[in-house]
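Here the structure comes first, spelled out in structure tokens, and everything after it is commentary.
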Amino acid sequence: MNAVVHFLILLVVLSAAAFILFLLRAPFWLILLVIVAVYMAVTTVPTFHTVYKSQNLRAIDRFLLRNYRKPIFNYAYNIGHGTDEEIRNSLRTIIDKSSRGDARHVYSALLGVHSGDGDEVLAHAGKINPGPLRSYYYAYGTALNGDLDEAGRIAGKITDEWMKHTIYAVIAKKQGNPEEFRKEAKYAEDASVGIQHYLLHHNFRKMAESFNLSQEGSSMMQLVENTAVELKDGRRGLILGVRDNEEIVQYDVELGDGEIITVFAEEVRRPV
């Protein structure tokens, strides 16, 4: 659904609310208050749900694509579609822009995770305020350094289920146990919501590739529906539909601003 359709729906809803209140002879201040409340609900609730509550990977992916220029969403989108270096660079951008010390240490620990540097993870974990995240990165860094028993012991005390089972999945990965990895990864994904769910799903997908596993719901970067692509003119978008007319292939692509266009296969530079 593009921006124009969203605007028209919002306009209809607000007009209907105002008209009903007018018929009921409601005071002007009440009409204004209801219009503002409806506007906030229509514009913010769906976004809040997608970012914090949804497990709809496609909806989250589309949200991230529309907000790709914001550092935190750029990082999340790169987890699903970027290279390892793009992921690390996006984290460095977040760290450079972080004014709070705790946030800097959290993202620095995360950078250590994506660099596979257990010592770096542990160095920053020790500077994070006491709580689940501190224990999570202590366990993660410990697992990366090969002390799997200690990592499991730390993870067992973490109350957040997605954190606990993520560490168990990492331990299974280090042990070369694909079945245990698959089980723990699913537990972690099922316990997570919003962008965290998206991050875990794609991180586990990448980890699973070393086992030649196929995580449920994952997709390889092919020119099929729900593939993010970069066009030859530099624009980026998400393939919503594929039109295969004998030898001519076209894609319906939703751009970052919500506009939907149809392009020939030759106009696509690469999947991203």
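By convention in this document, the chains of the structure tokens carry letters A, B, ... by their order, each chain's residues are numbered from 1, and ligands are numbered from 1 in the order they are shown.
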
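For A:Leu240, the set of protein, DNA and RNA residues having any atom at most 12 Å away, when counting only C-alpha atoms and skipping those fewer than 2 positions along the same chain, is Met1, Arg58, Ala59, Arg62, Leu223, Val224, Glu225, Asn226, Thr227, Ala228, Val229, Gly237, Leu238, Val242, Arg243, Gln250, Tyr251, Asp252, Val253, Glu254, Leu255, Gly258, Glu259, Ile260, Ile261, Thr262 and Val263 of chain A.
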
Put those residues in a file: N, CA, C and O atoms, as a compact mmCIF listing (two decimals), in the first residue's frame.
```
# COMPACT_ATOMS: atom_id res chain seq x y z
N MET A 1 0.85 -1.19 0.00
CA MET A 1 0.00 0.00 0.00
C MET A 1 0.89 1.24 0.00
O MET A 1 1.71 1.42 0.88
N ARG A 58 7.98 -9.97 6.48
CA ARG A 58 7.83 -9.13 5.29
C ARG A 58 7.45 -7.70 5.68
O ARG A 58 7.99 -6.74 5.13
N ALA A 59 6.54 -7.56 6.64
CA ALA A 59 6.13 -6.22 7.07
C ALA A 59 7.31 -5.47 7.70
O ALA A 59 7.52 -4.28 7.45
N ARG A 62 9.77 -4.40 4.96
CA ARG A 62 9.29 -3.24 4.21
C ARG A 62 9.45 -1.96 5.04
O ARG A 62 9.80 -0.91 4.51
N LEU A 223 15.73 -13.41 -7.39
CA LEU A 223 14.75 -12.45 -7.88
C LEU A 223 13.36 -13.07 -7.87
O LEU A 223 12.82 -13.47 -8.90
N VAL A 224 12.84 -13.16 -6.68
CA VAL A 224 11.49 -13.66 -6.47
C VAL A 224 10.78 -12.65 -5.57
O VAL A 224 11.37 -11.64 -5.16
N GLU A 225 9.53 -12.90 -5.28
CA GLU A 225 8.79 -11.99 -4.41
C GLU A 225 9.51 -11.82 -3.07
O GLU A 225 10.11 -12.76 -2.55
N ASN A 226 9.44 -10.61 -2.56
CA ASN A 226 10.01 -10.26 -1.25
C ASN A 226 11.54 -10.17 -1.28
O ASN A 226 12.18 -10.24 -0.24
N THR A 227 12.12 -10.04 -2.49
CA THR A 227 13.56 -9.83 -2.61
C THR A 227 13.84 -8.34 -2.72
O THR A 227 13.22 -7.64 -3.52
N ALA A 228 14.76 -7.85 -1.92
CA ALA A 228 15.18 -6.45 -2.02
C ALA A 228 16.19 -6.32 -3.15
O ALA A 228 17.10 -7.15 -3.28
N VAL A 229 16.04 -5.31 -3.98
CA VAL A 229 16.91 -5.14 -5.14
C VAL A 229 17.36 -3.70 -5.27
O VAL A 229 16.73 -2.78 -4.75
N GLY A 237 14.41 -1.09 -3.80
CA GLY A 237 13.03 -1.44 -3.53
C GLY A 237 12.86 -2.91 -3.22
O GLY A 237 13.83 -3.67 -3.18
N LEU A 238 11.61 -3.30 -3.02
CA LEU A 238 11.27 -4.68 -2.68
C LEU A 238 10.36 -5.24 -3.75
O LEU A 238 9.35 -4.63 -4.11
N VAL A 242 6.22 -10.94 -9.60
CA VAL A 242 7.04 -11.30 -10.76
C VAL A 242 6.11 -11.59 -11.93
O VAL A 242 5.17 -12.38 -11.80
N ARG A 243 6.37 -10.95 -13.07
CA ARG A 243 5.58 -11.18 -14.28
C ARG A 243 6.47 -11.87 -15.31
O ARG A 243 7.35 -11.26 -15.90
N GLN A 250 9.30 -9.18 -15.90
CA GLN A 250 9.15 -7.87 -15.28
C GLN A 250 8.90 -8.06 -13.79
O GLN A 250 8.38 -9.09 -13.35
N TYR A 251 9.26 -7.02 -13.02
CA TYR A 251 9.06 -7.06 -11.58
C TYR A 251 8.25 -5.84 -11.13
O TYR A 251 8.50 -4.73 -11.59
N ASP A 252 7.29 -6.09 -10.25
CA ASP A 252 6.61 -5.00 -9.57
C ASP A 252 7.42 -4.70 -8.31
O ASP A 252 7.55 -5.55 -7.43
N VAL A 253 7.97 -3.49 -8.23
CA VAL A 253 8.90 -3.14 -7.16
C VAL A 253 8.34 -1.97 -6.35
O VAL A 253 7.94 -0.95 -6.92
N GLU A 254 8.30 -2.15 -5.04
CA GLU A 254 7.91 -1.06 -4.14
C GLU A 254 9.16 -0.33 -3.69
O GLU A 254 10.04 -0.93 -3.05
N LEU A 255 9.26 0.95 -4.01
CA LEU A 255 10.41 1.75 -3.64
C LEU A 255 10.31 2.18 -2.18
O LEU A 255 9.29 2.00 -1.53
N GLY A 258 7.37 4.19 -0.93
CA GLY A 258 6.04 3.60 -1.06
C GLY A 258 5.54 3.50 -2.48
O GLY A 258 4.53 2.83 -2.74
N GLU A 259 6.20 4.15 -3.43
CA GLU A 259 5.77 4.09 -4.83
C GLU A 259 6.03 2.70 -5.40
O GLU A 259 7.07 2.09 -5.16
N ILE A 260 5.07 2.19 -6.16
CA ILE A 260 5.21 0.87 -6.79
C ILE A 260 5.41 1.07 -8.29
O ILE A 260 4.60 1.73 -8.95
N ILE A 261 6.48 0.52 -8.81
CA ILE A 261 6.79 0.64 -10.23
C ILE A 261 6.98 -0.75 -10.83
O ILE A 261 7.21 -1.73 -10.11
N THR A 262 6.89 -0.83 -12.15
CA THR A 262 7.15 -2.08 -12.86
C THR A 262 8.39 -1.89 -13.73
O THR A 262 8.49 -0.92 -14.48
N VAL A 263 9.35 -2.80 -13.58
CA VAL A 263 10.60 -2.68 -14.33
C VAL A 263 10.90 -4.00 -15.04
O VAL A 263 10.41 -5.07 -14.64
```

- Task: Tell me which protein, DNA and RNA residues are within 12 Å of stretch 124-137 of chain A, counting only C-alpha atoms, leaving out same-chain ones fewer than 4 positions away, and put them as number ranges by chain.
- Result: A: 100-113, 117-120, 141-144, 150-168, 170

- Task: Could you tell me, as a VMD selection string, which residues of stretch 78-233 of chain A DSSP assigns to strand (DSSP E or B) when given the backbone?
- Result: chain A and resid 228 to 231

Just write the chosen residues, N, CA and C atoms, as a PDB file, in the first residue's frame.
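Result file is part-v5.pdb:
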```pdb
ATOM      1  N   ALA A 228      14.761  -7.852  -1.921  1.00  0.00           N
ATOM      2  CA  ALA A 228      15.177  -6.451  -2.021  1.00  0.00           C
ATOM      3  C   ALA A 228      16.192  -6.325  -3.152  1.00  0.00           C
ATOM      4  N   VAL A 229      16.038  -5.308  -3.975  1.00  0.00           N
ATOM      5  CA  VAL A 229      16.910  -5.144  -5.135  1.00  0.00           C
ATOM      6  C   VAL A 229      17.363  -3.695  -5.271  1.00  0.00           C
ATOM      7  N   GLU A 230      18.470  -3.534  -5.963  1.00  0.00           N
ATOM      8  CA  GLU A 230      18.941  -2.205  -6.351  1.00  0.00           C
ATOM      9  C   GLU A 230      18.803  -2.089  -7.858  1.00  0.00           C
ATOM     10  N   LEU A 231      18.140  -1.026  -8.309  1.00  0.00           N
ATOM     11  CA  LEU A 231      17.968  -0.811  -9.737  1.00  0.00           C
ATOM     12  C   LEU A 231      19.211  -0.135 -10.316  1.00  0.00           C
TER      13      LEU A 231
END
```

- Would you give me, as a ChimeraX atom specification, the residues in stretch 84-210 of chain A that DSSP reads as helix (DSSP H, G or I)? /A:84-97,101-115,118-125,132-144,148-155,161-175,178-190,194-209

- Note on the structure: Nearest to A:His202, restricted to only C-alpha atoms and choosing among A:Ser99, A:Ser15, A:Asn78, A:Ser54, comes out as A:Asn78

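Take atom CA of A:Gln175 and atom CA of A:Met207: the distance between them is 12.8 Å.
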
- Message: Need the shell around A:Leu21: protein/DNA/RNA residues with any atom at most 12 Å away, counting only C-alpha atoms. Skip same-chain ones fewer than 3 positions apart. Format as an MDAnalysis selection string?
- Response: chainID A and resid 14:18 24:35

Could you turn the residues from that selection into a file that holds N, CA and C atoms, as a CSV table (one decimal), in the first residue's frame?
```csv
chain,number,residue,atom,x,y,z
A,14,LEU,N,-10.7,10.3,9.3
A,14,LEU,CA,-10.8,11.6,10.0
A,14,LEU,C,-12.0,12.3,9.7
A,15,SER,N,-12.4,12.3,8.4
A,15,SER,CA,-13.6,13.0,8.0
A,15,SER,C,-14.8,12.4,8.6
A,16,ALA,N,-14.8,11.0,8.6
A,16,ALA,CA,-16.0,10.3,9.1
A,16,ALA,C,-16.1,10.6,10.6
A,17,ALA,N,-15.0,10.6,11.3
A,17,ALA,CA,-15.1,10.9,12.8
A,17,ALA,C,-15.6,12.3,13.0
A,18,ALA,N,-15.1,13.2,12.3
A,18,ALA,CA,-15.5,14.6,12.5
A,18,ALA,C,-17.0,14.8,12.2
A,24,LEU,N,-23.7,14.7,16.2
A,24,LEU,CA,-24.0,14.5,17.6
A,24,LEU,C,-23.9,15.9,18.4
A,25,ARG,N,-23.6,16.9,17.7
A,25,ARG,CA,-23.5,18.3,18.2
A,25,ARG,C,-22.4,18.3,19.4
A,26,ALA,N,-21.3,17.6,19.1
A,26,ALA,CA,-20.3,17.6,20.1
A,26,ALA,C,-19.6,19.0,20.1
A,27,PRO,N,-19.0,19.4,21.2
A,27,PRO,CA,-18.3,20.7,21.2
A,27,PRO,C,-17.1,20.6,20.4
A,28,PHE,N,-16.6,21.8,19.9
A,28,PHE,CA,-15.5,21.9,19.0
A,28,PHE,C,-14.2,21.2,19.6
A,29,TRP,N,-14.0,21.5,20.9
A,29,TRP,CA,-12.8,21.0,21.5
A,29,TRP,C,-12.8,19.4,21.5
A,30,LEU,N,-14.0,18.8,21.7
A,30,LEU,CA,-14.0,17.4,21.7
A,30,LEU,C,-13.8,16.8,20.2
A,31,ILE,N,-14.4,17.5,19.2
A,31,ILE,CA,-14.1,17.1,17.9
A,31,ILE,C,-12.6,17.1,17.5
A,32,LEU,N,-12.0,18.2,17.9
A,32,LEU,CA,-10.6,18.4,17.7
A,32,LEU,C,-9.8,17.3,18.4
A,33,LEU,N,-10.1,17.0,19.7
A,33,LEU,CA,-9.4,16.0,20.4
A,33,LEU,C,-9.5,14.6,19.8
A,34,VAL,N,-10.7,14.3,19.4
A,34,VAL,CA,-11.0,13.0,18.8
A,34,VAL,C,-10.2,12.9,17.4
A,35,ILE,N,-10.2,14.0,16.7
A,35,ILE,CA,-9.4,13.9,15.4
A,35,ILE,C,-8.0,13.7,15.6
```
